[in-house]
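This report refers to the structure that appears directly beneath it.
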Amino acid sequence: MQTNNPNDQPSSADSPPRYDHSNEQLRRSQAARESSARTYPRSLPFAVERAQGAEIVDADGETYIDCLAGAGTLVLGHNHPDVTREVERLLAEDRPLHTLDVTTPEKEAFVDTLFESLPDEFTDTAKVQFCSPAGTDAVEAALKLVKTATGNRSVLGFQGGYHGMTSGALSLMGDTAAKESVPGLMSNVHHLPYPDPYRHPFGLDAADHEPVSRFAERVLSDPESGVTDPAGLILELVQGEGGVNPAPIEWIREIRRITAEHDVPMIVDEIQTGMGRTGETWAFEHADIVPDVITCSKAIGGGLPLAVVMYDESLDEWEPGAHAGTFRGHQLAMAAGRATINHVLENDLDEHAAVVGERLKDQLTEMAANFEVVGDVRGRGLMLGVEFVDPQAGSELPPPDGELASAVQTACFDRGLVIETGGRDSAVARFLPPLTLSRSQVDEIASRFSEAVAAAVADRSGVAV
């Protein structure tokens, strides 16, 4: 049979296809066959061939420090031995790979471990629903859950939020550009202001979050707010794609108080923040609150696709089959996820992320003092962001500079450092490395990033470095 791939070569049934091992050939084949919706290859021009820990090696043999890590999925890094050992064990024992939602010993062990990672105040009355293996489907499930349980139709989200790319999740997104060309998104969605730590939604001092919580309470208590009784409120406690915006701890507590007093289920999206990423096992633990619903994916699958929604049993009102998905019985992901969660808990990787994250943040802040184009350094644990701005724009709070952030990302790549951008105008350089980073790796990341910023600034001004 003829194929469209010029790199195809004959191979036996027992070996994988062989390709011309070069970045150029593999990327050219990808561009010819994959859709125009592909994203990361546009800013990261390589093909990844091998990976271990925080290091990845491309098809040309170049090595990089990975501060993207599957958009925060790989909390133990690539191919951690605890994870690969469990996957190999499952395969060697002829265990089932896929069981829909029929239970297995592996599934029960995964749920045990997942619940062990959560506070007793939540798990004492918790239920879990396995979803199609992507975080966005956990969000869809959570929306259906609270609508079914309450009988209400409105949903409250937040400006700057990101919850996925399926219809309901996309309707909650703060970034309007992604929604412009998609008609018919979920109705009755209302976006509340989020206490952005750098760009206050009301133009006030960034530390003044009280008016933001008062606004939310007014929406729920004022019969003239225009918002019918909500089925639920969903938020990220550190906005990721929105620009690494950590919500103030006191504000989180206020939102929990407000939602509890008005009987609005509080959905915390822990898809990116969960499993040690922010310096606590779960981000909501920083505020010492108990949400009604938690959406989970990324890290809980140990690098393999897995998503669940967990919630208080009082909400468990849906009928059998009310939410389903063919691959909700992904046994390899459950084995990999259990190994990952155990390793995080047994090695206190949340505390490690807090310590080395603070080390990286301090170095980034020190670097920022040398560049007026750096407006802010922020984040929690190993979920950090650096916002680039245009200080020549003349406004009191300079506008974001996405063009410079893109140049910095390219300069990082040229120095063997993989980062992501996000936030307004994609002006925030984002760091989501494995939680297993050593102090020396943190120092190397900071050094390469500082060099990249200097090079990008110099290139813009036409000064050689």
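Chain labels run A, B, ... following the order of the structure tokens; each chain numbers its residues from 1, and ligands are numbered from 1 in the order shown.
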
Open item on the list: Using only C-alpha atoms, which protein or nucleic acid residues come within 10 Å of Phe431 of chain A? Drop anything in the same chain fewer than 5 positions from it, and give the result as a list in words.
Closed with: Asp66, Cys67, Leu68, Ala69, Ala71, Gly72, Val244, Gly357, Leu360, Gly379, Leu382, Met383, Leu384, Gly385, Val386, Val418, Ile419, Glu420, Thr421 and Ile445 of chain A

Excluding Val83 of chain A and any residue of its chain fewer than 2 positions from it, enumerate the residues within 8 Å of it, using only C-alpha atoms, and give them as a PDB file with C-alpha atoms, in the first residue's frame.
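Ended up saving to out14.pdb:
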ATOM      1  CA  ASN A  79      10.309   7.685  32.021  1.00  0.00           C
ATOM      2  CA  HIS A  80      10.612   7.638  35.788  1.00  0.00           C
ATOM      3  CA  PRO A  81      11.607   4.091  36.858  1.00  0.00           C
ATOM      4  CA  ARG A  85       8.211  -0.556  36.301  1.00  0.00           C
ATOM      5  CA  GLU A  86       4.488  -0.588  37.041  1.00  0.00           C
ATOM      6  CA  VAL A  87       3.509  -0.383  33.382  1.00  0.00           C
ATOM      7  CA  GLY A 302       1.733   9.426  35.427  1.00  0.00           C
ATOM      8  CA  ALA A 335      -0.942   1.810  37.215  1.00  0.00           C
ATOM      9  CA  ALA A 336       1.278   4.700  36.123  1.00  0.00           C
ATOM     10  CA  GLY A 337      -0.847   7.146  38.102  1.00  0.00           C
ATOM     11  CA  ALA A 339       3.041   4.835  41.052  1.00  0.00           C
ATOM     12  CA  THR A 340       3.308   8.581  40.471  1.00  0.00           C
TER      13      THR A 340
END

Write out as a tab-separated table the residues of segment 123-218 of chain A that have any atom within 12 Å of an atom of segment 269-277 of chain A, one row each with the nearest atom pair and its distance in Å to one decimal, counting only C-alpha atoms, sorted by chain and then rising number.
residue	atom	partner	partner_atom	distance
A:Pro133	CA	A:Ile271	CA	11.8
A:Ala134	CA	A:Ile271	CA	9.3
A:Gly135	CA	A:Ile271	CA	6.1
A:Thr136	CA	A:Ile271	CA	8.8
A:Asp137	CA	A:Ile271	CA	10.9
A:Ala138	CA	A:Ile271	CA	8.8
A:Val139	CA	A:Asp269	CA	7.7
A:Glu140	CA	A:Asp269	CA	11.5
A:Ala142	CA	A:Asp269	CA	9.7
A:Leu143	CA	A:Asp269	CA	11.6
A:Gly157	CA	A:Asp269	CA	10.9
A:Phe158	CA	A:Asp269	CA	11.8
A:Gly161	CA	A:Asp269	CA	9.9
A:Tyr162	CA	A:Asp269	CA	9.2
A:His163	CA	A:Asp269	CA	7.4
A:Gly164	CA	A:Ile271	CA	9.8
A:Ala169	CA	A:Asp269	CA	11.0
A:Leu172	CA	A:Asp269	CA	11.9

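Rounded to one decimal, atom CA of Ser43 of chain A and atom CA of Ala247 of chain A lie 28.7 Å from each other.
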
- [ ] Could you find all residues in segment 306-409 of chain A that DSSP calls alpha helix (DSSP H) from the backbone, and write them as a PyMOL selection string?
- [x] chain A and resi 331-346+349-368+402-409

I need the residues from that last selection saved to file as an mmCIF file, in the first residue's frame (with C-alpha atoms), if you can.
data_model
loop_
_atom_site.group_PDB
_atom_site.id
_atom_site.type_symbol
_atom_site.label_atom_id
_atom_site.label_comp_id
_atom_site.auth_asym_id
_atom_site.auth_seq_id
_atom_site.Cartn_x
_atom_site.Cartn_y
_atom_site.Cartn_z
ATOM 1 C CA GLN A 331 -5.588 0.353 33.208
ATOM 2 C CA LEU A 332 -2.024 1.315 32.220
ATOM 3 C CA ALA A 333 -2.756 4.914 33.168
ATOM 4 C CA MET A 334 -4.114 3.795 36.531
ATOM 5 C CA ALA A 335 -0.942 1.810 37.215
ATOM 6 C CA ALA A 336 1.278 4.700 36.123
ATOM 7 C CA GLY A 337 -0.847 7.146 38.102
ATOM 8 C CA ARG A 338 -0.753 5.085 41.279
ATOM 9 C CA ALA A 339 3.041 4.835 41.052
ATOM 10 C CA THR A 340 3.308 8.581 40.471
ATOM 11 C CA ILE A 341 1.029 9.551 43.353
ATOM 12 C CA ASN A 342 2.829 7.173 45.707
ATOM 13 C CA HIS A 343 6.206 8.620 44.738
ATOM 14 C CA VAL A 344 4.987 12.193 45.261
ATOM 15 C CA LEU A 345 3.574 11.352 48.692
ATOM 16 C CA GLU A 346 6.407 9.130 49.921
ATOM 17 C CA LEU A 349 7.656 16.194 46.396
ATOM 18 C CA ASP A 350 5.141 18.917 47.204
ATOM 19 C CA GLU A 351 7.541 20.294 49.820
ATOM 20 C CA HIS A 352 10.457 19.838 47.421
ATOM 21 C CA ALA A 353 8.546 21.768 44.738
ATOM 22 C CA ALA A 354 7.951 24.579 47.226
ATOM 23 C CA VAL A 355 11.647 24.787 48.104
ATOM 24 C CA VAL A 356 13.196 24.547 44.644
ATOM 25 C CA GLY A 357 10.340 26.607 43.199
ATOM 26 C CA GLU A 358 11.171 29.413 45.596
ATOM 27 C CA ARG A 359 14.836 29.082 44.611
ATOM 28 C CA LEU A 360 13.942 29.448 40.924
ATOM 29 C CA LYS A 361 11.524 32.294 41.621
ATOM 30 C CA ASP A 362 14.191 34.177 43.613
ATOM 31 C CA GLN A 363 16.672 33.860 40.756
ATOM 32 C CA LEU A 364 14.099 34.953 38.203
ATOM 33 C CA THR A 365 13.225 37.952 40.371
ATOM 34 C CA GLU A 366 16.893 38.858 40.697
ATOM 35 C CA MET A 367 17.244 38.624 36.919
ATOM 36 C CA ALA A 368 14.137 40.762 36.404
ATOM 37 C CA GLY A 402 3.994 39.016 23.421
ATOM 38 C CA GLU A 403 6.489 39.606 20.637
ATOM 39 C CA LEU A 404 9.346 39.860 23.127
ATOM 40 C CA ALA A 405 8.128 36.800 25.040
ATOM 41 C CA SER A 406 8.184 34.846 21.793
ATOM 42 C CA ALA A 407 11.736 36.035 21.104
ATOM 43 C CA VAL A 408 12.765 34.958 24.601
ATOM 44 C CA GLN A 409 11.203 31.526 24.057
#

Task: Selected residue of minimal separation from Pro305 of chain A among A:Thr259, A:Val57, A:Met173, A:Cys131, counting only C-alpha atoms - done: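 Distance minimum relative to Pro305 of chain A lands on A:Cys131.
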
Open item on the list: What's around Pro119 of chain A at 9 Å? Count only C-alpha atoms, leave out sequence neighbours fewer than 4 positions away in its own chain, and write the answer as a PyMOL selection string.
Closed with: chain A and resi 115+123-124+285+290

Task: Residues near Val219 of chain A, cut-off 12 Å, only C-alpha atoms, skip fewer than 3 positions along chain, as a PyMOL selection string - done: chain A and resi 156+190-193+212-216+222-230+233+258-259+262

Quick one: write out the picked residues with N, CA and C atoms as a CSV table (one decimal), in the first residue's frame?
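Contents of the output file out07.csv:
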chain,number,residue,atom,x,y,z
A,156,LEU,N,-20.9,29.9,36.8
A,156,LEU,CA,-19.9,31.1,37.0
A,156,LEU,C,-18.5,30.6,36.7
A,190,HIS,N,-21.3,33.0,32.9
A,190,HIS,CA,-21.0,34.4,33.4
A,190,HIS,C,-19.6,34.4,34.0
A,191,HIS,N,-18.8,35.3,33.5
A,191,HIS,CA,-17.4,35.4,33.9
A,191,HIS,C,-17.2,36.5,35.0
A,192,LEU,N,-16.7,36.1,36.1
A,192,LEU,CA,-16.5,37.1,37.2
A,192,LEU,C,-15.0,37.6,37.1
A,193,PRO,N,-14.7,38.7,37.7
A,193,PRO,CA,-13.4,39.2,37.7
A,193,PRO,C,-12.5,38.3,38.6
A,212,VAL,N,-12.9,42.4,44.7
A,212,VAL,CA,-13.2,41.4,43.8
A,212,VAL,C,-14.1,40.3,44.4
A,213,SER,N,-13.9,40.0,45.6
A,213,SER,CA,-14.8,39.0,46.3
A,213,SER,C,-16.2,39.7,46.6
A,214,ARG,N,-16.2,41.0,46.9
A,214,ARG,CA,-17.5,41.6,47.1
A,214,ARG,C,-18.3,41.6,45.9
A,215,PHE,N,-17.7,41.8,44.7
A,215,PHE,CA,-18.4,41.8,43.4
A,215,PHE,C,-19.0,40.4,43.2
A,216,ALA,N,-18.3,39.3,43.5
A,216,ALA,CA,-18.8,38.0,43.3
A,216,ALA,C,-20.0,37.8,44.3
A,222,ASP,N,-27.7,39.8,44.7
A,222,ASP,CA,-28.5,40.9,44.2
A,222,ASP,C,-29.5,40.4,43.2
A,223,PRO,N,-30.8,40.5,43.4
A,223,PRO,CA,-31.8,40.0,42.4
A,223,PRO,C,-31.8,40.8,41.1
A,224,GLU,N,-31.1,41.9,41.0
A,224,GLU,CA,-30.9,42.6,39.8
A,224,GLU,C,-29.6,42.4,39.1
A,225,SER,N,-28.8,41.4,39.5
A,225,SER,CA,-27.5,41.1,39.0
A,225,SER,C,-27.6,40.5,37.5
A,226,GLY,N,-28.8,40.0,37.2
A,226,GLY,CA,-29.0,39.4,35.9
A,226,GLY,C,-28.6,38.0,35.8
A,227,VAL,N,-28.1,37.4,36.9
A,227,VAL,CA,-27.6,36.0,36.9
A,227,VAL,C,-28.6,35.2,37.7
A,228,THR,N,-29.2,34.2,37.1
A,228,THR,CA,-30.0,33.2,37.8
A,228,THR,C,-29.2,32.4,38.7
A,229,ASP,N,-29.9,31.7,39.6
A,229,ASP,CA,-29.2,30.8,40.6
A,229,ASP,C,-28.3,29.9,39.9
A,230,PRO,N,-27.0,29.9,40.2
A,230,PRO,CA,-26.0,29.1,39.5
A,230,PRO,C,-26.0,27.7,39.9
A,233,LEU,N,-19.8,27.1,40.4
A,233,LEU,CA,-18.8,28.1,40.2
A,233,LEU,C,-17.5,27.3,40.0
A,258,ILE,N,-18.5,32.4,50.4
A,258,ILE,CA,-19.6,32.9,49.6
A,258,ILE,C,-20.4,31.8,49.0
A,259,THR,N,-19.7,30.9,48.3
A,259,THR,CA,-20.4,29.8,47.6
A,259,THR,C,-21.1,28.9,48.6
A,262,HIS,N,-24.4,30.6,49.8
A,262,HIS,CA,-25.4,30.7,48.8
A,262,HIS,C,-25.7,29.3,48.1

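From atom CA of Cys296 of chain A back to atom CA of Glu93 of chain A, the distance works out to 28.1 Å.
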
Task: One-decimal distance in Å that lies between atom CA of Ala429 of chain A and atom CA of Thr166 of chain A - done: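 Separation between atom CA of Thr166 of chain A and atom CA of Ala429 of chain A: 25.2 Å.
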
- [ ] Go through A:Leu437, A:Ala452, A:Val155, A:Asp196 and flag the residue nearest Asp208 of chain A, using only C-alpha atoms for the distances.
- [x] A:Asp196

- [ ] Rank A:Thr281, A:Leu306, A:Gln159, A:Asp288 by their smallest atom-to-atom distance to Leu235 of chain A, using only C-alpha atoms, and report the top residue only.
- [x] A:Gln159

TODO: Would you mind telling me which residue in A:Asp348, A:Val146, A:Gly168, A:Glu241 lies nearest to Tyr311 of chain A when using only C-alpha atoms?
DONE: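 The shortest atom-to-atom distance to Tyr311 of chain A comes from A:Val146.
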
TODO: May I ask which of the residues A:Glu396, A:Glu106, A:Asp316, A:Glu280 is the closest one to Ala149 of chain A, counting only C-alpha atoms?
DONE: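 Smallest distance to Ala149 of chain A is found for A:Asp316.
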
- [ ] Find the residue from A:Ser36, A:Thr103, A:Thr150, A:Ser117 that sits nearest to Val264 of chain A; use only C-alpha atoms when measuring.
- [x]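 For Val264 of chain A, the nearest of the given residues is A:Thr150.
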